[in-house]
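**Q** Can you keep this structure in mind? I'll have questions shortly.
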Amino acid sequence: MPLYMAKCASVNLTEGQLKTIFKEHDINGDGEISKEELKKAFQKLGSWFSDWRVRGALQHADTNGDGSISIGEIDDLIKYAIKFGYNTKSSSRSSK
């Protein structure tokens, strides 16, 4: 199964796959996912309003307020993505 599928395609992604997708978008390798990198990740996940989604993700997950998501904040980013339907399968939950 490819990791990049549109949200509307109803593909089940695990939390680990979501984490991999977000980490892959740390293009410059600085250990932080910038606004632009986050926008591209949400676009790959099929977000129609990626700018809006990035603002929400940063409000939810950017706990130190530096405008990017660090490795330490990525779990909160995953929780945000799950809340908005970017994940439908987890090892701790049954499939929808």
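Chain labels run A, B, ... following the order of the structure tokens; each chain numbers its residues from 1, and ligands are numbered from 1 in the order shown.
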With only C-alpha atoms as the counted atoms, please give the residues lying no more than 10 Å from Thr63 of chain A, apart from itself and same-chain residues fewer than 5 positions off, as a list in words.
**A**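 Here the answer would be Leu58, Ser68, Ile69, Ser70, Gly72, Glu73 and Asp76 of chain A.
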**Q** Take the residues from that selection and put them in a file with C-alpha atoms, as a PDB file, in the first residue's frame.
**A**
ATOM      1  CA  LEU A  58       0.531  24.420  14.893  1.00  0.00           C
ATOM      2  CA  SER A  68       7.425  24.575  13.635  1.00  0.00           C
ATOM      3  CA  ILE A  69       6.899  21.017  14.836  1.00  0.00           C
ATOM      4  CA  SER A  70       9.901  19.426  16.519  1.00  0.00           C
ATOM      5  CA  GLY A  72       9.282  16.062  20.548  1.00  0.00           C
ATOM      6  CA  GLU A  73       5.999  17.594  19.356  1.00  0.00           C
ATOM      7  CA  ASP A  76       0.724  15.868  19.303  1.00  0.00           C
TER       8      ASP A  76
END
**Q** Run DSSP on the backbone of this structure and report the residues of segment 59-93 of chain A it assigns to alpha helix (DSSP H), as a PyMOL selection string.
**A** chain A and resi 59-61+74-83
**Q** Output C-alpha atoms for every residue in the selection just made, as a short mmCIF file (atom, residue, chain, number, x, y, z; two decimals), in the first residue's frame.
**A**
data_model
loop_
_atom_site.label_atom_id
_atom_site.label_comp_id
_atom_site.auth_asym_id
_atom_site.auth_seq_id
_atom_site.Cartn_x
_atom_site.Cartn_y
_atom_site.Cartn_z
CA GLN A 59 -2.00 25.68 17.46
CA HIS A 60 -2.50 22.11 18.66
CA ALA A 61 1.03 20.67 18.51
CA ILE A 74 5.27 15.10 16.59
CA ASP A 75 3.03 12.89 18.74
CA ASP A 76 0.72 15.87 19.30
CA LEU A 77 0.74 16.46 15.55
CA ILE A 78 -0.28 12.83 14.98
CA LYS A 79 -3.13 13.22 17.52
CA TYR A 80 -4.30 16.31 15.62
CA ALA A 81 -4.18 14.48 12.30
CA ILE A 82 -6.14 11.55 13.74
CA LYS A 83 -8.77 13.91 15.12
#
**Q** Find the residues near segment 33-42 of chain A: any atom within 8 Å, counting only C-alpha atoms, skip ones fewer than 6 places away on the same chain, and give them as a list in words.
**A**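 The residues that qualify are Ile21, Phe22, Lys23, His25, Asp26, Ile27, Ser50, Asp51, Arg53, Val54, Gly67, Ser68, Ile69 and Ser70 of chain A.
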**Q** Just N, CA, C and O atoms for this one: save the residues we selected as a PDB file, in the first residue's frame.
**A**
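To be explicit, this is the file written out as selection24.pdb:
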ATOM      1  N   ILE A  21       5.225   9.780   7.269  1.00  0.00           N
ATOM      2  CA  ILE A  21       4.895  10.789   6.251  1.00  0.00           C
ATOM      3  C   ILE A  21       5.321  12.173   6.725  1.00  0.00           C
ATOM      4  O   ILE A  21       5.962  12.926   5.982  1.00  0.00           O
ATOM      5  N   PHE A  22       4.984  12.520   7.965  1.00  0.00           N
ATOM      6  CA  PHE A  22       5.371  13.841   8.469  1.00  0.00           C
ATOM      7  C   PHE A  22       6.892  13.975   8.561  1.00  0.00           C
ATOM      8  O   PHE A  22       7.450  15.001   8.159  1.00  0.00           O
ATOM      9  N   LYS A  23       7.582  12.964   9.066  1.00  0.00           N
ATOM     10  CA  LYS A  23       9.041  13.034   9.180  1.00  0.00           C
ATOM     11  C   LYS A  23       9.717  13.146   7.815  1.00  0.00           C
ATOM     12  O   LYS A  23      10.728  13.835   7.675  1.00  0.00           O
ATOM     13  N   HIS A  25       8.757  14.781   5.421  1.00  0.00           N
ATOM     14  CA  HIS A  25       8.606  16.148   4.933  1.00  0.00           C
ATOM     15  C   HIS A  25       9.521  17.147   5.640  1.00  0.00           C
ATOM     16  O   HIS A  25       9.448  18.340   5.369  1.00  0.00           O
ATOM     17  N   ASP A  26      10.384  16.661   6.510  1.00  0.00           N
ATOM     18  CA  ASP A  26      11.452  17.497   7.068  1.00  0.00           C
ATOM     19  C   ASP A  26      12.552  17.534   6.010  1.00  0.00           C
ATOM     20  O   ASP A  26      13.579  16.879   6.116  1.00  0.00           O
ATOM     21  N   ILE A  27      12.294  18.291   4.955  1.00  0.00           N
ATOM     22  CA  ILE A  27      13.135  18.294   3.756  1.00  0.00           C
ATOM     23  C   ILE A  27      14.573  18.700   4.052  1.00  0.00           C
ATOM     24  O   ILE A  27      15.516  18.099   3.550  1.00  0.00           O
ATOM     25  N   SER A  50      -5.016  23.104   3.024  1.00  0.00           N
ATOM     26  CA  SER A  50      -3.791  22.809   3.768  1.00  0.00           C
ATOM     27  C   SER A  50      -3.299  23.997   4.600  1.00  0.00           C
ATOM     28  O   SER A  50      -2.765  23.790   5.691  1.00  0.00           O
ATOM     29  N   ASP A  51      -3.469  25.225   4.133  1.00  0.00           N
ATOM     30  CA  ASP A  51      -3.046  26.385   4.941  1.00  0.00           C
ATOM     31  C   ASP A  51      -3.824  26.436   6.246  1.00  0.00           C
ATOM     32  O   ASP A  51      -3.253  26.671   7.313  1.00  0.00           O
ATOM     33  N   ARG A  53      -5.315  23.885   7.693  1.00  0.00           N
ATOM     34  CA  ARG A  53      -4.944  22.707   8.472  1.00  0.00           C
ATOM     35  C   ARG A  53      -3.612  22.935   9.191  1.00  0.00           C
ATOM     36  O   ARG A  53      -3.436  22.545  10.337  1.00  0.00           O
ATOM     37  N   VAL A  54      -2.660  23.596   8.528  1.00  0.00           N
ATOM     38  CA  VAL A  54      -1.358  23.891   9.148  1.00  0.00           C
ATOM     39  C   VAL A  54      -1.533  24.803  10.354  1.00  0.00           C
ATOM     40  O   VAL A  54      -0.949  24.555  11.415  1.00  0.00           O
ATOM     41  N   GLY A  67       6.793  28.073  15.885  1.00  0.00           N
ATOM     42  CA  GLY A  67       6.303  28.103  14.507  1.00  0.00           C
ATOM     43  C   GLY A  67       6.629  26.873  13.695  1.00  0.00           C
ATOM     44  O   GLY A  67       6.427  26.861  12.483  1.00  0.00           O
ATOM     45  N   SER A  68       7.143  25.827  14.327  1.00  0.00           N
ATOM     46  CA  SER A  68       7.425  24.575  13.635  1.00  0.00           C
ATOM     47  C   SER A  68       7.170  23.412  14.595  1.00  0.00           C
ATOM     48  O   SER A  68       7.008  23.615  15.793  1.00  0.00           O
ATOM     49  N   ILE A  69       7.130  22.215  14.036  1.00  0.00           N
ATOM     50  CA  ILE A  69       6.899  21.017  14.836  1.00  0.00           C
ATOM     51  C   ILE A  69       8.222  20.282  14.998  1.00  0.00           C
ATOM     52  O   ILE A  69       8.830  19.855  14.020  1.00  0.00           O
ATOM     53  N   SER A  70       8.661  20.150  16.243  1.00  0.00           N
ATOM     54  CA  SER A  70       9.901  19.426  16.519  1.00  0.00           C
ATOM     55  C   SER A  70       9.594  17.942  16.694  1.00  0.00           C
ATOM     56  O   SER A  70       8.427  17.545  16.820  1.00  0.00           O
TER      57      SER A  70
END
**Q** Which distance in Å separates atom CA of Asn64 of chain A and atom CA of Thr14 of chain A, to one decimal?
**A** 26.4 Å
**Q** Of the residues A:Ile71, A:Ser47, A:Trp52, A:Asp66, which is the one nearest to Thr20 of chain A, using only C-alpha atoms?
**A**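 Distance minimum relative to Thr20 of chain A lands on A:Ile71.
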